[in-house]
$ cat structure-v3.txt   # compact mmCIF, C-alpha atoms
# COMPACT_ATOMS: atom_id res chain seq x y z
CA MET A 1 -85.69 52.20 39.92
CA PRO A 2 -84.91 50.64 36.52
CA ASP A 3 -85.81 47.04 35.75
CA THR A 4 -83.26 44.45 36.81
CA ASP A 5 -82.32 41.35 34.83
CA ARG A 6 -80.33 38.45 36.26
CA TYR A 7 -77.39 36.61 34.71
CA ASP A 8 -74.76 34.06 35.70
CA LEU A 9 -71.98 36.17 34.19
CA ILE A 10 -71.82 39.74 32.98
CA VAL A 11 -68.81 40.70 30.89
CA ILE A 12 -68.10 44.42 30.85
CA GLY A 13 -66.46 45.13 27.52
CA GLY A 14 -67.13 43.70 24.07
CA GLY A 15 -63.54 43.52 22.90
CA ALA A 16 -61.01 40.74 22.45
CA ALA A 17 -60.79 39.72 26.12
CA GLY A 18 -64.54 40.05 26.66
CA PHE A 19 -65.58 37.78 23.79
CA TYR A 20 -62.79 35.27 24.37
CA GLY A 21 -63.62 34.96 28.05
CA ALA A 22 -67.38 34.72 27.49
CA ILE A 23 -66.95 32.03 24.82
CA HIS A 24 -64.76 29.85 27.02
CA VAL A 25 -67.13 30.19 29.98
CA ALA A 26 -70.11 29.30 27.79
CA ARG A 27 -68.31 26.23 26.45
CA ARG A 28 -67.57 24.92 29.93
CA ALA A 29 -70.59 26.07 31.96
CA LYS A 30 -73.37 24.72 29.76
CA GLY A 31 -76.59 26.67 30.07
CA ALA A 32 -75.02 29.63 31.87
CA ARG A 33 -76.73 32.89 31.08
CA ILE A 34 -74.02 35.31 29.88
CA LEU A 35 -74.30 38.97 28.90
CA ILE A 36 -71.66 41.14 27.22
CA LEU A 37 -72.10 44.89 27.69
CA GLU A 38 -70.27 47.13 25.19
CA LYS A 39 -70.28 50.91 25.57
CA SER A 40 -69.86 51.73 21.87
CA ARG A 41 -72.17 50.92 19.00
CA GLN A 42 -69.83 48.23 17.67
CA CYS A 43 -68.08 45.35 19.39
CA LEU A 44 -64.48 44.34 18.73
CA SER A 45 -63.57 47.74 17.28
CA LYS A 46 -59.91 47.40 18.26
CA VAL A 47 -59.74 43.98 16.63
CA LEU A 48 -61.13 45.52 13.44
CA ILE A 49 -58.50 48.28 13.19
CA SER A 50 -55.53 46.26 14.46
CA GLY A 51 -52.64 45.81 12.06
CA GLY A 52 -54.06 48.24 9.55
CA GLY A 53 -57.24 46.18 9.26
CA ARG A 54 -55.36 42.85 9.06
CA CYS A 55 -55.50 42.00 12.81
CA ASN A 56 -52.22 40.85 14.31
CA VAL A 57 -53.86 37.99 16.25
CA THR A 58 -50.81 36.85 18.20
CA HIS A 59 -47.09 36.11 17.84
CA ARG A 60 -45.48 32.86 16.81
CA PRO A 61 -45.31 30.38 19.72
CA LEU A 62 -42.54 31.17 22.20
CA GLU A 63 -41.49 29.67 25.51
CA PRO A 64 -43.41 31.34 28.37
CA ALA A 65 -40.39 33.25 29.68
CA ALA A 66 -39.50 34.52 26.19
CA LEU A 67 -43.12 35.45 25.50
CA SER A 68 -43.54 37.31 28.79
CA ALA A 69 -40.34 39.31 28.09
CA ASN A 70 -42.37 41.39 25.63
CA TYR A 71 -44.52 42.92 28.40
CA PRO A 72 -43.14 46.07 30.06
CA ARG A 73 -45.98 45.81 32.61
CA GLY A 74 -47.16 42.35 33.71
CA GLN A 75 -44.09 40.38 32.69
CA LYS A 76 -43.80 38.27 35.87
CA ALA A 77 -47.54 37.89 36.29
CA LEU A 78 -47.95 36.31 32.85
CA ILE A 79 -45.27 33.62 32.97
CA GLY A 80 -47.51 31.16 34.85
CA PRO A 81 -50.62 31.82 32.73
CA PHE A 82 -48.56 31.42 29.54
CA HIS A 83 -47.70 27.87 30.62
CA ARG A 84 -51.44 27.13 30.53
CA HIS A 85 -52.66 29.13 27.54
CA ALA A 86 -50.44 30.94 25.05
CA SER A 87 -49.95 31.47 21.31
CA SER A 88 -50.30 27.81 20.27
CA GLU A 89 -53.67 27.54 22.01
CA VAL A 90 -54.92 30.79 20.48
CA ILE A 91 -53.89 29.68 16.99
CA HIS A 92 -55.69 26.36 17.53
CA PHE A 93 -58.81 28.19 18.80
CA PHE A 94 -59.17 30.34 15.69
CA GLU A 95 -58.33 27.54 13.31
CA GLU A 96 -61.09 25.47 14.96
CA LEU A 97 -63.45 28.33 14.13
CA GLY A 98 -62.41 28.04 10.48
CA VAL A 99 -59.94 30.95 10.39
CA ARG A 100 -56.77 30.07 8.47
CA LEU A 101 -53.72 31.83 9.93
CA LYS A 102 -50.22 32.60 8.67
CA THR A 103 -47.00 33.52 10.43
CA GLU A 104 -44.90 36.27 8.85
CA ASP A 105 -41.10 36.42 8.92
CA ASP A 106 -41.04 38.69 11.98
CA GLY A 107 -43.23 36.28 13.98
CA ARG A 108 -46.53 38.14 13.74
CA VAL A 109 -49.59 35.98 13.11
CA PHE A 110 -52.39 37.20 10.80
CA PRO A 111 -55.39 35.62 9.12
CA VAL A 112 -54.49 34.35 5.64
CA SER A 113 -57.25 36.63 4.32
CA ASP A 114 -55.48 39.69 5.81
CA SER A 115 -58.91 40.73 7.04
CA SER A 116 -59.59 41.64 10.66
CA GLU A 117 -63.29 41.26 9.90
CA GLU A 118 -62.72 37.49 9.68
CA ILE A 119 -61.40 37.43 13.26
CA ALA A 120 -64.21 39.62 14.61
CA GLY A 121 -66.80 37.69 12.64
CA ALA A 122 -65.57 34.35 13.97
CA LEU A 123 -65.79 35.55 17.57
CA GLU A 124 -69.27 37.03 17.11
CA LYS A 125 -70.53 33.94 15.30
CA GLU A 126 -69.24 31.61 18.04
CA ALA A 127 -70.75 33.82 20.75
CA GLY A 128 -74.09 33.74 18.98
CA LYS A 129 -73.95 29.96 18.56
CA LEU A 130 -73.34 29.59 22.30
CA GLY A 131 -76.30 31.83 23.18
CA ILE A 132 -74.26 34.70 24.61
CA GLU A 133 -76.30 37.89 24.75
CA VAL A 134 -74.59 41.06 23.51
CA ARG A 135 -75.79 44.61 24.09
CA THR A 136 -74.09 47.58 22.45
CA SER A 137 -74.39 51.27 23.37
CA ALA A 138 -74.54 50.00 26.94
CA GLY A 139 -71.76 51.75 28.80
CA VAL A 140 -71.48 50.81 32.46
CA THR A 141 -71.81 53.78 34.79
CA ASP A 142 -71.60 52.11 38.20
CA LEU A 143 -71.45 48.85 40.11
CA ALA A 144 -72.99 47.64 43.36
CA MET A 145 -71.71 44.62 45.24
CA HIS A 146 -74.32 42.82 47.34
CA GLU A 147 -72.81 40.60 50.02
CA HIS A 148 -74.28 37.39 51.41
CA ASP A 149 -77.38 37.91 53.56
CA PRO A 150 -76.46 36.70 57.06
CA GLN A 151 -80.15 35.88 57.64
CA ASP A 152 -80.17 33.60 54.58
CA PRO A 153 -77.02 31.42 54.35
CA LYS A 154 -78.14 29.96 51.01
CA ALA A 155 -78.36 33.35 49.32
CA GLN A 156 -75.55 34.09 46.84
CA SER A 157 -73.74 37.38 46.67
CA THR A 158 -74.55 39.24 43.50
CA TYR A 159 -73.22 42.14 41.51
CA GLU A 160 -75.44 44.87 40.16
CA VAL A 161 -74.31 46.59 36.98
CA PHE A 162 -75.79 49.96 36.05
CA THR A 163 -76.01 51.58 32.63
CA LYS A 164 -77.68 54.90 31.84
CA THR A 165 -80.99 53.22 31.16
CA THR A 166 -81.16 50.02 33.16
CA SER A 167 -79.41 47.68 35.57
CA PHE A 168 -78.57 43.99 35.66
CA ARG A 169 -77.69 41.49 38.37
CA SER A 170 -75.16 38.71 38.03
CA ARG A 171 -73.54 36.00 40.12
CA THR A 172 -70.14 36.86 38.59
CA LEU A 173 -68.41 39.67 36.71
CA LEU A 174 -65.57 39.81 34.19
CA LEU A 175 -64.03 43.24 33.67
CA ALA A 176 -62.68 43.23 30.13
CA CYS A 177 -63.27 46.85 29.16
CA GLY A 178 -59.72 47.88 28.25
CA SER A 179 -58.62 51.36 29.28
CA SER A 180 -61.67 52.66 31.11
CA PRO A 181 -61.49 55.73 33.37
CA THR A 182 -65.09 55.06 34.42
CA ILE A 183 -64.43 51.50 35.58
CA TRP A 184 -61.17 52.52 37.26
CA ARG A 185 -63.06 55.25 39.15
CA VAL A 186 -65.76 52.80 40.20
CA MET A 187 -63.25 50.17 41.30
CA GLY A 188 -61.29 52.79 43.22
CA LYS A 189 -64.45 53.47 45.16
CA PHE A 190 -64.34 49.87 46.38
CA GLY A 191 -60.75 50.15 47.55
CA TYR A 192 -58.90 48.86 44.49
CA ARG A 193 -55.52 50.35 43.75
CA ILE A 194 -55.22 52.03 40.36
CA VAL A 195 -51.85 52.51 38.67
CA SER A 196 -52.21 55.93 37.03
CA PRO A 197 -52.58 55.46 33.27
CA VAL A 198 -50.15 56.93 30.75
CA PRO A 199 -50.01 56.43 26.96
CA SER A 200 -47.92 53.67 25.44
CA LEU A 201 -47.18 52.76 21.81
CA PHE A 202 -46.93 56.26 20.42
CA THR A 203 -44.79 57.96 17.79
CA PHE A 204 -42.23 60.74 18.31
CA ASN A 205 -42.81 64.29 17.11
CA ILE A 206 -39.66 65.84 15.62
CA ASP A 207 -39.37 69.15 13.80
CA ASP A 208 -35.98 68.97 12.08
CA ALA A 209 -34.83 70.15 8.64
CA ARG A 210 -33.07 66.84 8.08
CA LEU A 211 -36.46 65.09 7.93
CA ASP A 212 -38.26 67.67 5.78
CA GLY A 213 -39.70 66.16 2.61
CA LEU A 214 -38.77 62.60 3.60
CA GLN A 215 -42.26 61.47 4.64
CA GLY A 216 -42.93 57.87 3.72
CA ILE A 217 -39.31 56.73 3.69
CA SER A 218 -38.73 53.56 5.70
CA VAL A 219 -35.25 52.17 6.42
CA PRO A 220 -33.74 49.68 8.88
CA ALA A 221 -32.34 51.82 11.70
CA GLN A 222 -31.28 51.76 15.32
CA VAL A 223 -32.96 54.25 17.67
CA GLU A 224 -31.50 55.06 21.07
CA LEU A 225 -33.29 56.93 23.84
CA LEU A 226 -30.88 59.47 25.32
CA PRO A 227 -31.03 60.48 28.99
CA PRO A 228 -31.65 64.16 29.70
CA GLU A 229 -29.96 66.02 32.51
CA PHE A 230 -32.45 66.10 35.39
CA PRO A 231 -32.38 69.18 37.60
CA LYS A 232 -31.90 68.15 41.22
CA PRO A 233 -33.75 67.00 43.24
CA ALA A 234 -36.13 65.79 40.50
CA LYS A 235 -35.61 62.15 39.62
CA PRO A 236 -37.59 59.90 37.32
CA SER A 237 -39.28 56.92 38.92
CA LEU A 238 -37.93 54.71 36.15
CA HIS A 239 -34.15 54.99 36.27
CA LEU A 240 -32.06 54.89 33.13
CA ARG A 241 -29.81 52.32 34.75
CA SER A 242 -32.66 49.83 34.94
CA LEU A 243 -33.69 50.67 31.40
CA LYS A 244 -30.21 49.86 30.18
CA ARG A 245 -30.28 46.54 32.02
CA SER A 246 -33.53 45.62 30.31
CA GLY A 247 -32.11 46.54 26.90
CA SER A 248 -34.98 48.91 26.21
CA LEU A 249 -32.95 52.06 25.60
CA ILE A 250 -32.00 50.89 22.11
CA GLU A 251 -34.33 49.33 19.55
CA THR A 252 -33.66 48.30 15.95
CA GLY A 253 -36.08 47.79 13.07
CA PRO A 254 -37.85 49.50 10.17
CA LEU A 255 -37.94 53.23 10.99
CA LEU A 256 -40.64 55.23 9.23
CA ILE A 257 -40.30 58.97 8.64
CA THR A 258 -43.68 60.68 8.91
CA HIS A 259 -45.13 64.18 8.51
CA TRP A 260 -44.75 64.71 12.26
CA GLY A 261 -41.50 62.88 13.01
CA ILE A 262 -40.62 59.19 13.26
CA SER A 263 -42.58 56.00 13.76
CA GLY A 264 -42.20 52.30 13.11
CA PRO A 265 -41.51 49.27 15.36
CA PRO A 266 -38.34 50.60 17.10
CA VAL A 267 -40.08 53.84 18.09
CA LEU A 268 -43.22 52.06 19.30
CA ARG A 269 -41.18 49.59 21.33
CA LEU A 270 -39.21 52.40 22.98
CA SER A 271 -42.44 54.21 23.80
CA ALA A 272 -43.77 51.06 25.48
CA TRP A 273 -40.72 50.24 27.57
CA ALA A 274 -40.25 53.84 28.67
CA ALA A 275 -43.92 54.89 28.81
CA ARG A 276 -43.83 56.25 32.38
CA TYR A 277 -40.37 57.67 32.04
CA LEU A 278 -41.26 59.65 28.91
CA SER A 279 -44.49 60.86 30.51
CA GLU A 280 -42.47 62.32 33.39
CA LEU A 281 -40.29 64.14 30.86
CA GLY A 282 -43.37 65.72 29.28
CA TYR A 283 -42.39 63.95 26.05
CA ARG A 284 -39.38 66.23 25.61
CA PHE A 285 -36.17 64.25 25.16
CA GLN A 286 -33.53 63.26 22.60
CA VAL A 287 -33.03 60.23 20.40
CA ARG A 288 -29.93 59.11 18.56
CA ILE A 289 -30.43 57.36 15.21
CA ASN A 290 -28.02 55.05 13.43
CA TRP A 291 -29.33 54.98 9.86
CA ILE A 292 -26.97 52.16 8.85
CA PRO A 293 -27.06 49.63 11.73
CA ASP A 294 -25.50 46.90 9.57
CA TYR A 295 -22.21 48.83 9.56
CA HIS A 296 -19.89 49.02 12.53
CA PRO A 297 -19.84 52.75 13.43
CA GLY A 298 -16.06 52.73 13.76
CA SER A 299 -15.62 51.52 10.18
CA VAL A 300 -17.73 54.23 8.52
CA PRO A 301 -15.12 57.08 8.56
CA GLN A 302 -12.63 54.74 6.86
CA LEU A 303 -15.24 53.74 4.28
CA LEU A 304 -15.94 57.39 3.46
CA GLU A 305 -12.20 58.13 3.31
CA GLU A 306 -11.76 55.37 0.76
CA VAL A 307 -14.44 56.94 -1.44
CA ARG A 308 -12.73 60.32 -1.09
CA LEU A 309 -9.49 58.79 -2.37
CA SER A 310 -11.00 56.61 -5.12
CA ASP A 311 -13.61 59.02 -6.55
CA PRO A 312 -12.31 62.51 -5.74
CA ALA A 313 -13.96 64.19 -8.75
CA LYS A 314 -17.48 62.93 -8.10
CA SER A 315 -20.03 64.99 -6.22
CA LEU A 316 -21.68 63.82 -3.03
CA SER A 317 -25.14 64.36 -4.52
CA ARG A 318 -24.53 61.68 -7.16
CA THR A 319 -22.26 59.22 -5.37
CA ARG A 320 -23.37 57.53 -2.20
CA PRO A 321 -21.24 54.62 -0.99
CA ILE A 322 -23.94 53.36 1.39
CA GLU A 323 -27.30 51.91 0.36
CA LEU A 324 -29.73 54.57 1.55
CA PRO A 325 -32.66 56.26 -0.19
CA GLN A 326 -31.29 59.14 -2.27
CA ARG A 327 -33.35 61.79 -0.48
CA LEU A 328 -32.26 60.57 2.95
CA TRP A 329 -28.60 60.46 1.91
CA GLN A 330 -28.78 64.03 0.62
CA ALA A 331 -30.53 65.23 3.79
CA LEU A 332 -27.78 63.72 5.96
CA VAL A 333 -25.03 65.21 3.78
CA GLU A 334 -26.59 68.64 4.22
CA GLY A 335 -27.12 67.87 7.91
CA ALA A 336 -23.36 67.44 8.15
CA GLY A 337 -22.95 70.98 6.79
CA ILE A 338 -21.70 69.78 3.40
CA SER A 339 -22.93 71.17 0.08
CA LEU A 340 -24.38 68.54 -2.23
CA ASN A 341 -22.27 69.99 -5.05
CA LYS A 342 -19.10 69.35 -3.08
CA ARG A 343 -16.71 66.86 -4.63
CA TRP A 344 -15.50 63.94 -2.56
CA GLY A 345 -11.88 65.00 -3.00
CA GLU A 346 -12.67 68.39 -1.43
CA LEU A 347 -13.81 66.94 1.90
CA SER A 348 -11.70 67.59 4.95
CA LYS A 349 -11.14 64.97 7.62
CA ALA A 350 -13.45 66.94 9.89
CA ALA A 351 -16.18 66.83 7.23
CA ILE A 352 -15.70 63.07 6.85
CA ARG A 353 -16.10 62.61 10.60
CA GLU A 354 -19.24 64.74 10.72
CA LEU A 355 -20.83 62.88 7.81
CA ALA A 356 -20.04 59.56 9.51
CA ASN A 357 -21.65 60.95 12.67
CA GLN A 358 -24.82 61.90 10.78
CA LEU A 359 -25.02 58.42 9.34
CA THR A 360 -24.44 56.50 12.56
CA ALA A 361 -25.27 58.82 15.47
CA ALA A 362 -27.60 61.61 14.35
CA THR A 363 -29.24 63.30 17.35
CA PHE A 364 -32.81 64.62 17.17
CA GLU A 365 -34.94 66.59 19.64
CA VAL A 366 -38.33 65.01 20.37
CA ARG A 367 -40.96 67.53 21.34
CA GLY A 368 -44.17 65.61 21.81
CA LYS A 369 -45.93 62.43 20.78
CA SER A 370 -48.68 61.31 18.45
CA THR A 371 -51.11 58.46 19.01
CA PHE A 372 -50.50 55.42 16.88
CA LYS A 373 -54.21 54.76 16.43
CA GLU A 374 -54.00 51.17 15.19
CA GLU A 375 -52.06 50.00 18.25
CA PHE A 376 -52.87 52.58 20.94
CA VAL A 377 -52.36 51.10 24.38
CA THR A 378 -52.41 52.51 27.90
CA ALA A 379 -49.86 51.62 30.55
CA GLY A 380 -51.59 51.48 33.93
CA GLY A 381 -54.89 50.27 35.32
CA LEU A 382 -56.04 47.95 38.08
CA ASP A 383 -53.09 46.98 40.25
CA LEU A 384 -52.21 43.32 39.81
CA ARG A 385 -51.65 42.99 43.55
CA ASP A 386 -55.42 43.10 44.07
CA PHE A 387 -55.96 40.00 41.91
CA ASN A 388 -55.05 36.33 42.22
CA GLY A 389 -52.28 35.67 39.71
CA LYS A 390 -53.45 32.10 39.09
CA THR A 391 -57.11 32.91 38.36
CA PHE A 392 -57.33 36.69 37.75
CA GLU A 393 -60.03 36.77 40.43
CA SER A 394 -60.28 39.71 42.79
CA LYS A 395 -58.80 39.17 46.24
CA LYS A 396 -61.47 41.48 47.65
CA HIS A 397 -64.65 40.26 45.96
CA PRO A 398 -65.17 36.57 45.08
CA GLY A 399 -66.67 36.12 41.64
CA LEU A 400 -65.18 39.32 40.21
CA TYR A 401 -62.46 38.85 37.57
CA ALA A 402 -60.46 41.07 35.25
CA ALA A 403 -58.55 40.48 32.01
CA GLY A 404 -56.81 42.51 29.36
CA GLU A 405 -55.83 46.15 29.40
CA VAL A 406 -58.12 47.11 32.28
CA LEU A 407 -55.31 45.59 34.37
CA ASN A 408 -51.83 47.06 34.57
CA ILE A 409 -50.63 44.81 31.75
CA ASP A 410 -49.42 45.94 28.35
CA ALA A 411 -46.96 44.87 25.68
CA ILE A 412 -44.87 46.01 22.76
CA THR A 413 -46.18 45.59 19.21
CA GLY A 414 -46.19 42.26 17.43
CA GLY A 415 -49.44 40.62 18.55
CA PHE A 416 -48.44 40.55 22.21
CA ASN A 417 -51.21 42.83 23.52
CA PHE A 418 -53.89 40.60 22.00
CA GLN A 419 -52.10 37.54 23.37
CA GLY A 420 -52.17 39.05 26.86
CA ALA A 421 -55.91 39.62 26.48
CA TRP A 422 -56.60 36.09 25.16
CA THR A 423 -54.55 34.50 27.94
CA GLY A 424 -56.00 36.55 30.79
CA ALA A 425 -59.54 35.97 29.58
CA TYR A 426 -59.00 32.23 29.26
CA ILE A 427 -57.46 31.89 32.72
CA ALA A 428 -60.37 33.87 34.20
CA ALA A 429 -62.85 31.73 32.25
CA GLU A 430 -61.42 28.54 33.72
CA SER A 431 -62.06 29.74 37.26
CA LEU A 432 -65.39 31.37 36.39
CA SER A 433 -66.67 28.14 34.81
CA GLU A 434 -65.78 26.19 37.92
CA ALA A 435 -67.59 28.72 40.10
CA LEU A 436 -70.70 28.55 37.93
CA THR A 437 -70.87 24.76 37.83
CA THR A 438 -70.38 24.03 41.55
$ encode --input "structure-v3.txt" --output "structure tokens"
Amino acid sequence: MPDTDRYDLIVIGGGAAGFYGAIHVARRAKGARILILEKSRQCLSKVLISGGGRCNVTHRPLEPAALSANYPRGQKALIGPFHRHASSEVIHFFEELGVRLKTEDDGRVFPVSDSSEEIAGALEKEAGKLGIEVRTSAGVTDLAMHEHDPQDPKAQSTYEVFTKTTSFRSRTLLLACGSSPTIWRVMGKFGYRIVSPVPSLFTFNIDDARLDGLQGISVPAQVELLPPEFPKPAKPSLHLRSLKRSGSLIETGPLLITHWGISGPPVLRLSAWAARYLSELGYRFQVRINWIPDYHPGSVPQLLEEVRLSDPAKSLSRTRPIELPQRLWQALVEGAGISLNKRWGELSKAAIRELANQLTAATFEVRGKSTFKEEFVTAGGLDLRDFNGKTFESKKHPGLYAAGEVLNIDAITGGFNFQGAWTGAYIAAESLSEALTT
């Protein structure tokens, strides 16, 4: 039997939620012995790669209802916690640690240094100052829950945490391990409901001649998720009607053309809102792209007709009436079945209509997904029904808490996933601190 060490709190997971929760418990429960167990060799790895190494810490302060609207899973559960701890409190926390933050035009909050290492370093430094013990390469393999001894009413229930090499005992536990099949399996053993995990925040794979050679081009665009025809009796669990009501079928923003298809904020947001739906489709579906969302679609044929009448001798390859990258314009002209050497005056009304369609409603077949490594998130996890929404404490086992992505909570891009982790960890820390000081 391996040696056993005893703690007041063991945090499983050395990421954003784990460090944030441990720090707030240590600040409130003076002298508490706290251990963070991290399975990899480095803590806060997701913080370090977030935002391309800049770390999108949070989003500009929003009212709780507006903030929670950015969470496809966990929206209702977070409204109350956001009244107690949200973006303003997180910004204040990091600025107290000496991290200067900035808010960009789209609402995302980053360190002024544009360095995620500053965020990770501040968390690790504060944890060290508070005496929090951190062990890396210490993946948890199992848990044991020891109930009160009926023969000894004063004895406290404890949790035993096993790694490959040793075990530890603790009065309380905070699960902050993110997407963890191992922890989900262990918790399932104790009767916890697990919402089956599926990927979220991924890019769309498209093999289409219209995108060939356009890698790296980014333009404001509108992307619409099109419903397929489902063979009866198969039906998706997430109905398109409800998607339309939530406004998640259409997203607008900077669309990036990649080697494998399309990416960028509108694609990532669609993948988050429709994560389960797209999983059921096997990631085979259609999207419709409006490359010029600032134009009313109905006005574009008339605009093109005016060019045909005013510049009939000019070729389409040289004259583009709409501000688009030259290579993209040419690809869409050819996508409409029009030769680039064609003169504007030679276009038929049918050709004008087809070109307008390519500009405002080009349909593409998606045949797969690719992980967006900087922001990869999983939809699914521990069912929120098994936890107290006011404290994030287990309803089954007193003293056991969960925060972050290990729960069935996830968000779109923009700093919202980190905010969900900070908030959940803080709310859990409040209750944990009270339990450890009474």
$ residues_around --input "structure-v3.txt" --residues "Thr58 (chain A)" --least-positions-apart "2" --cutoff "6 Å" --atoms "all atoms listed in the file" --output "ChimeraX atom specification"
/A:56,109,415-416,419
$ atom_distance --input "structure-v3.txt" --atom1 "CA of Leu270 (chain A)" --atom2 "CA of Ile409 (chain A)"
16.3 Å
$ closest_residue --input "structure-v3.txt" --among "A:Tyr277, A:Phe93, A:Tyr7, A:Trp344" --to "Leu173 (chain A)" --atoms "only C-alpha atoms"
A:Tyr7
$ residues_around --input "structure-v3.txt" --residues "Val134 (chain A)" --least-positions-apart "2" --cutoff "8 Å" --atoms "all atoms listed in the file" --output "number ranges by chain"
A: 14, 35-38, 132, 136
$ closest_residue --input "structure-v3.txt" --among "A:Gly337, A:Pro61, A:Pro111, A:Pro199" --to "Gln358 (chain A)" --atoms "all atoms listed in the file"
A:Gly337
$ atom_distance --input "structure-v3.txt" --atom1 "CA of Arg308 (chain A)" --atom2 "CA of Arg320 (chain A)"
11.1 Å
$ atom_distance --input "structure-v3.txt" --atom1 "CA of Ala144 (chain A)" --atom2 "CA of Leu130 (chain A)"
27.7 Å
$ closest_residue --input "structure-v3.txt" --among "A:Leu268, A:Ala16, A:Leu382, A:Leu359" --to "Trp291 (chain A)" --atoms "all atoms listed in the file"
A:Leu359
$ residues_around --input "structure-v3.txt" --residues "Phe94 (chain A)" --least-positions-apart "4" --cutoff "9 Å" --atoms "all atoms listed in the file" --output "list in words"
Glu89, Val90, Gly98, Val99, Arg100, Leu101, Ile119, Ala122 and Leu123 of chain A
$ closest_residue --input "structure-v3.txt" --among "A:Gly380, A:Gly345, A:Gly298, A:Gly213" --to "Leu407 (chain A)" --atoms "all atoms listed in the file"
A:Gly380
$ closest_residue --input "structure-v3.txt" --among "A:Thr258, A:Thr438, A:Ser170, A:Ser196" --to "Asp212 (chain A)" --atoms "all atoms listed in the file"
A:Thr258
$ residues_near_point --input "structure-v3.txt" --point "(-49.5, 61.0, 17.4)" --cutoff "7 Å" --atoms "only C-alpha atoms" --output "VMD selection string"
chain A and resid 202 to 203 369 to 372
$ closest_residue --input "structure-v3.txt" --among "A:Cys55, A:Leu78, A:Ala22, A:Ile206" --to "Arg108 (chain A)" --atoms "only C-alpha atoms"
A:Cys55
